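Here's the structure, in C-alpha cells; my notes come after.
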Amino acid sequence: MFLWGTATAAYQIEGAAAEDGRGVSVWDTFSHEPGRTRDGHTGDVACDHYHRWPEDLGLMSGLGVNAYRFSIAWPRVQPLGTGEVNAKGLDFYERLVDALLERGIQPVPTLFHWDLPQALEDRGGWLNREISEIFAEYASTVAERLADRVPLWITLNEPFVHMAYGYAMGVHAPGQALLTGALPAAHHQLLGHGLAVRALRAAGARQVAITNNCTPVWPASQEEPDLRAAEAYDILHNRLFNDPVLLGKYPDLSAYTPALDFLHDGDLEIISTPIDALGVNYYNPTRIAAPAADGLPFADAGITGHPTTAFGWPVVPDGLRELLTGLKTRYGSALPPIHITENGCSQEDTVTEHGTIEDEGRIAYLEAHIAAMRRAMAEGVDVRGYFVWSLLDNFEWAEGYHQRFGLVHVDFETQRRTPKASYSWLKAFLEGQNTDT
Ligand code: IFM
C-alpha cells in the first residue's frame with residue numbers, strides 16, 4: 001500500500017510544554033532566550049495538539065490520508081533524557097497510535113525531531129558520544145510499548161539540519177556556532193541512529209528508516225572552482241548522512257576536517273545496520289559557487305528564475321525527480337525503498353472575508369511535486385510514500401509562527417482550525433488514487 005500522509009513534529013504542534021511531567025527540551029530553553037526566534041515566539045502552546053489531538057485526527061480522517069508521520073517528544077517520555085520514564089508521556093503516544101489505527105491511519109513516529117532533553121544538552125548534547133547510547137535506550141523504551149502496532153519507525157529527522165543549524169551556525173537549538181567543530185554532532189547522531197535501529201529491532205519493530213533532508217546540488221558554472229565547491233557541499237549536506245548509513249563509509253571529509261577523531265572502530269558497522277526504507281525530505285535544490293574568501297569550501301550562489309515560497313525558497317518540482325533518480329544512480333542496489341517524508345511550502349495565507357483560505361500556490365506546489373515524484377518512479381525509483389509538510393500551520397523553529405506550511409490554517413489566538421483550499425484539493429486527489437500507486 002502506498003502511504004499518503006501528512007507530517008508534523010512534537011515541538012512544533014504539541015504545546016503543553018510543562019504538563020503531565022514533560023521535561024525541558026533544548027527548544028524550550030532556546031526559544032525563551034531573547035533574540036533567538038522571530039518575535040520571541042516559543043512552542044509553549046503551539047497548536048495545542050496535546051489537548052486537541054482528537055480534532056486533529058478528525059481532520060486527517062476527513063482528508064483521507066492512510067498514514068501520519070509525527071514525532072515523539074523525548075522529554076515527554078523521559079524528562080531527563082535517561083532513567084525514569086514518565087508514564088503519562090508514553091500513554092499520550094499510545095492513545096494517539098491506537099486512535100490512528102482505529103481510523104485506518106498508519107502511525108509513522110519519528111523518535112528525534114530536534115527536541116533533545118535539556119538535561120542531555122547539559123552533558124554536551126550530540127557532541128557527547130554517550131548520547132548515542134542513551135538515544136538507543138530511549139528508542140527501546142518507546143518500542144517496547146508500541147512496536148506491536150507501529151508499521152514504520154523513523155529514528156532521526158534531518159540530522160544535517162540539526163548539526164548545521166543547531167551546532168555549526170547556532171540559529172536553532174542548542175544555539176552553538178562551532179562551524180566545522182559541529183561534525184561530531186553528525187557522527188553521534190548517526191551512531192545513535194544505528195544503535196537505535198538495533199534496539200528497535202530487538203524490541204520487535206517491523207520497519208525502520210532514517211529521514212535525511214536531501215538537496216540536488218547545482219554548480220554555479222562548469223568552471224573547476226565551482227564544480228569543486230559543489231562537490232564539497234554535496235558531501236556535507238547529502239553524502240555525510242547517506243553514505244555511512246547506506247554504504248558503511250564516510251565520503252572524503254578532508255575539506256572540513258583533517259582527521260575523523262570522533263570515529264571509533266566498529267562505528268560504521270553499527271551506523272550501516274540495514275534499514276528498510278530511506279526517508280527523504282525535499283524542499284529545493286541548492287546552487288553552489290566557489291567561496292569568495294577563506295573559510296568554508298563553498299558559497300551559496302542562490303537560485304533565480306523560479307517562483308519562491310514565503311520563506312524565499314525556490315520552487316523547483318523537477319528537483320525532486322532529479323534528487324530521487326540521483327540517489328538511485330549513486331547508491332544502486334544499496335538504496336532501500338524511499339518515503340518522501342516531507343514536502344510542502346510556506347505561503348502568506350490570508351483568511352478571506354468568507355473565512356476561507358485560497359492557497360492556490362500550495363495546490364500547484366503539491367500537484368507539481370507529486371507529478372515529479374511519479375516521473376522518478378517511472379524512471380525506476382522505488383518510492384513507497386509521500387507525506388505533506390504539514391497537516392497544520394505550526395511553530396516553524398526560528399521563524400516562530402510566521403511561516404505557514406499547513407493544509408489546515410491555525411488561528412494561534414483562538415486555536416481555531418480551518419481547512420484551506422489545498423486540504424480540499426488533496427482530499428479530492430486522494431479519493432481518486434489507487435493506494436497501490
Ligand atoms: O518545519 C520543518 C521541519 O521541522 C523539518 N523539515 C523542514 C520543515 C520546514 O522548514
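Going by the C-alpha cells order, chains are called A, B, ..., each with residues numbered from 1, while ligands are numbered from 1 in the order shown.
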
With the cut-off set at 9 Å and counting only C-alpha atoms and all ligand atoms, tabulate each residue of chain A with an atom at most that distance from an atom of ligand 1, showing the nearest atom pair and its distance in Å to one decimal, ordered by chain and increasing number, as a tab-separated table.
residue	atom	partner	partner_atom_place_in_ligand_line	distance
A:Ala7	CA	ligand 1	3 (C)	8.8
A:Thr8	CA	ligand 1	4 (O)	7.3
A:Ala9	CA	ligand 1	4 (O)	6.2
A:Tyr11	CA	ligand 1	4 (O)	8.8
A:Gln12	CA	ligand 1	4 (O)	7.2
A:His113	CA	ligand 1	4 (O)	7.1
A:Trp114	CA	ligand 1	4 (O)	8.3
A:Asn157	CA	ligand 1	5 (C)	7.2
A:Glu158	CA	ligand 1	5 (C)	6.9
A:Val161	CA	ligand 1	5 (C)	8.2
A:Asn213	CA	ligand 1	6 (N)	7.3
A:Asn281	CA	ligand 1	6 (N)	6.8
A:Tyr282	CA	ligand 1	7 (C)	8.4
A:Tyr283	CA	ligand 1	7 (C)	7.7
A:Phe311	CA	ligand 1	10 (O)	8.7
A:Glu342	CA	ligand 1	6 (N)	6.7
A:Asn343	CA	ligand 1	7 (C)	8.1
A:Gly344	CA	ligand 1	9 (C)	7.8
A:Cys345	CA	ligand 1	9 (C)	7.6
A:Ser346	CA	ligand 1	9 (C)	7.9
A:Trp389	CA	ligand 1	8 (C)	6.8
A:Ser390	CA	ligand 1	1 (O)	7.9
A:Asn394	CA	ligand 1	1 (O)	7.9
A:Phe395	CA	ligand 1	1 (O)	7.5
A:Glu396	CA	ligand 1	1 (O)	5.1
A:Trp397	CA	ligand 1	1 (O)	6.9
A:Gln403	CA	ligand 1	10 (O)	8.5
A:Phe405	CA	ligand 1	9 (C)	7.4

In range 39-77 of chain A, DSSP alpha helix (DSSP H) residues written as a ChimeraX atom specification: /A:49-63,74-77

Residues near range 198-208 of chain A, cut-off 9 Å, only C-alpha atoms, skip fewer than 4 positions along chain, as a PyMOL selection string: chain A and resi 136-137+139-155+193-194+270+273-278

For those residues, write C-alpha atoms to a file as a compact mmCIF listing (two decimals), in the first residue's frame.
# COMPACT_ATOMS: atom_id res chain seq x y z
CA ALA A 136 19.06 3.87 21.72
CA GLU A 137 17.81 3.18 25.26
CA ALA A 139 14.19 4.14 21.39
CA SER A 140 13.94 0.79 23.09
CA THR A 141 11.66 2.17 25.83
CA VAL A 142 9.22 3.57 23.29
CA ALA A 143 9.32 0.50 21.04
CA GLU A 144 8.71 -1.89 23.91
CA ARG A 145 5.35 -0.18 24.33
CA LEU A 146 4.42 0.43 20.69
CA ALA A 147 6.32 -1.88 18.34
CA ASP A 148 3.42 -4.30 18.04
CA ARG A 149 1.30 -1.56 16.46
CA VAL A 150 3.71 0.68 14.56
CA PRO A 151 4.48 -0.40 10.98
CA LEU A 152 7.32 2.04 10.29
CA TRP A 153 9.70 3.87 12.63
CA ILE A 154 11.95 6.79 11.82
CA THR A 155 14.97 7.23 14.05
CA HIS A 193 20.62 6.04 14.61
CA GLY A 194 22.49 2.76 14.09
CA ILE A 270 26.67 -0.01 13.56
CA THR A 273 22.88 -1.64 10.15
CA PRO A 274 20.41 -2.39 7.34
CA ILE A 275 17.30 -0.25 7.23
CA ASP A 276 14.00 -0.92 5.49
CA ALA A 277 13.46 2.49 3.95
CA LEU A 278 15.10 5.87 3.48

Determine, counting only C-alpha atoms, which protein, DNA and RNA residues have an atom within 10 Å of an atom of range 53-61 of chain A; residues of the same chain fewer than 3 positions away are not included. Present the result as a PDB file with C-alpha atoms, in the first residue's frame.
ATOM      1  CA  GLY A   5       0.176  11.108   4.661  1.00  0.00           C
ATOM      2  CA  THR A   6       0.795  14.344   6.433  1.00  0.00           C
ATOM      3  CA  ILE A  13       2.474  21.356  17.380  1.00  0.00           C
ATOM      4  CA  GLU A  14       2.006  19.861  20.839  1.00  0.00           C
ATOM      5  CA  CYS A  47      -1.172  24.213  18.106  1.00  0.00           C
ATOM      6  CA  ASP A  48      -2.194  22.846  21.491  1.00  0.00           C
ATOM      7  CA  HIS A  49      -2.272  19.459  19.811  1.00  0.00           C
ATOM      8  CA  TYR A  50      -1.598  17.756  23.152  1.00  0.00           C
ATOM      9  CA  GLY A  64      -8.477  10.637   3.586  1.00  0.00           C
ATOM     10  CA  VAL A  65      -4.782  10.024   4.317  1.00  0.00           C
ATOM     11  CA  ASN A  66      -3.725   6.499   5.232  1.00  0.00           C
ATOM     12  CA  ALA A  67      -0.585   7.476   7.194  1.00  0.00           C
ATOM     13  CA  TYR A  68       0.562  10.093   9.671  1.00  0.00           C
ATOM     14  CA  PHE A  92      -0.191  10.034  25.333  1.00  0.00           C
ATOM     15  CA  ARG A  95      -3.533   6.817  22.810  1.00  0.00           C
ATOM     16  CA  LEU A  96      -2.504   8.609  19.635  1.00  0.00           C
ATOM     17  CA  ALA A  99      -6.688   6.223  17.737  1.00  0.00           C
ATOM     18  CA  LEU A 100      -4.858   6.468  14.404  1.00  0.00           C
ATOM     19  CA  ARG A 103      -9.243   5.332  11.873  1.00  0.00           C
ATOM     20  CA  GLY A 104      -7.206   3.253   9.405  1.00  0.00           C
ATOM     21  CA  ILE A 105      -4.246   5.645   9.521  1.00  0.00           C
ATOM     22  CA  LEU A 391      -1.033  18.996   8.479  1.00  0.00           C
ATOM     23  CA  LEU A 392      -1.302  22.232  10.458  1.00  0.00           C
ATOM     24  CA  LEU A 407      -3.101  22.211   4.808  1.00  0.00           C
ATOM     25  CA  VAL A 408      -5.131  23.457   7.753  1.00  0.00           C
ATOM     26  CA  ARG A 417      -8.590  25.142  12.684  1.00  0.00           C
ATOM     27  CA  THR A 418      -9.806  25.945   9.157  1.00  0.00           C
ATOM     28  CA  PRO A 419      -9.036  23.586   6.279  1.00  0.00           C
ATOM     29  CA  TYR A 423      -6.892  20.456   2.026  1.00  0.00           C
ATOM     30  CA  LYS A 427      -8.879  15.216  -0.323  1.00  0.00           C
TER      31      LYS A 427
END

Provide the CA of Ala185 in chain A to CA of Glu231 in chain A distance in Å, to one decimal place.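 Between CA of Ala185 in chain A and CA of Glu231 in chain A the gap works out to 21.5 Å.
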
Nearest-residue call for Asp318 in chain A, choices A:Arg404, A:His369, A:His306, A:His172, using only C-alpha atoms: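 Under the stated criterion, the closest residue is A:His369.
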
Name the residues of range 346-433 of chain A that come out as strand (DSSP E or B) in a backbone DSSP run; write them as number ranges by chain. A: 347, 383-389, 392, 404, 408-411, 416-419

In terms of the shortest atom-to-atom distance over only C-alpha atoms, which of A:Ala293, A:Ala255, A:Leu430, A:Val388 is closest to Arg69 in chain A?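 Smallest distance to Arg69 in chain A is found for A:Val388.
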
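You will find CA of Val316 in chain A at 9.7 Å from CA of Ala372 in chain A.
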
So which residues touch Ile370 in chain A within 9 Å, counting only C-alpha atoms, skipping near sequence neighbours fewer than 3 positions away, as JSON, numbers by chain? {"A": [317, 320, 365, 366, 367, 373, 374, 375, 386]}

Point out the residue among A:Cys214, A:Ala368, A:Ala173, A:Met163 with the least atom-to-atom distance to Asp115 in chain A, counting only C-alpha atoms.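 Going through A:Cys214, A:Ala368, A:Ala173, A:Met163 one by one, the smallest distance to Asp115 in chain A is for A:Ala173.
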
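Counting only C-alpha atoms and comparing A:Asn86, A:Gln189, A:Ala229, A:Gly319, the residue that lies closest to Leu296 in chain A is A:Ala229.
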
To one decimal place in Å, what is the distance between CA of Ala17 in chain A and CA of His41 in chain A?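 Rounded to one decimal, the two atoms are 13.5 Å apart.
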
Residues within 10 Å of Met169 in chain A, only C-alpha atoms, excluding chain neighbours under 5 positions, as a VMD selection string: chain A and resid 163 to 164 175 to 180 182

Give me a file of those residues, with N, CA and C atoms, as a compact mmCIF listing (two decimals), in the first residue's frame.
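Once written, again.txt looks like this:
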# COMPACT_ATOMS: atom_id res chain seq x y z
N MET A 163 22.61 19.32 12.87
CA MET A 163 24.04 19.62 13.03
C MET A 163 24.35 21.05 12.57
N ALA A 164 23.89 21.38 11.34
CA ALA A 164 24.29 22.65 10.72
C ALA A 164 23.67 23.85 11.43
N GLY A 175 21.87 26.18 19.78
CA GLY A 175 22.45 27.52 19.61
C GLY A 175 23.96 27.57 19.66
N GLN A 176 24.62 26.51 19.25
CA GLN A 176 26.08 26.52 19.25
C GLN A 176 26.59 26.86 17.85
N ALA A 177 27.60 27.69 17.79
CA ALA A 177 28.13 28.14 16.49
C ALA A 177 29.57 27.66 16.34
N LEU A 178 29.72 26.37 16.15
CA LEU A 178 31.05 25.75 16.16
C LEU A 178 31.63 25.55 14.77
N LEU A 179 30.92 25.94 13.74
CA LEU A 179 31.32 25.70 12.35
C LEU A 179 31.73 24.24 12.18
N THR A 180 32.92 23.96 11.65
CA THR A 180 33.24 22.55 11.39
C THR A 180 33.43 21.76 12.68
N ALA A 182 31.28 21.25 14.58
CA ALA A 182 29.99 20.58 14.80
C ALA A 182 29.98 19.15 14.25

Name the closest residue to Gly166 in chain A among the candidates A:Ala196, A:Leu247, A:Ala398, A:Leu263; distances are taken between atoms, counting only C-alpha atoms.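 Between A:Ala196, A:Leu247, A:Ala398, A:Leu263, the residue approaching Gly166 in chain A most closely is A:Ala398.
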
Top pick for closest residue to Arg228 in chain A, considering A:Pro184, A:Thr211, A:Thr286, A:Phe298 and counting only C-alpha atoms: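 Distance minimum relative to Arg228 in chain A lands on A:Phe298.
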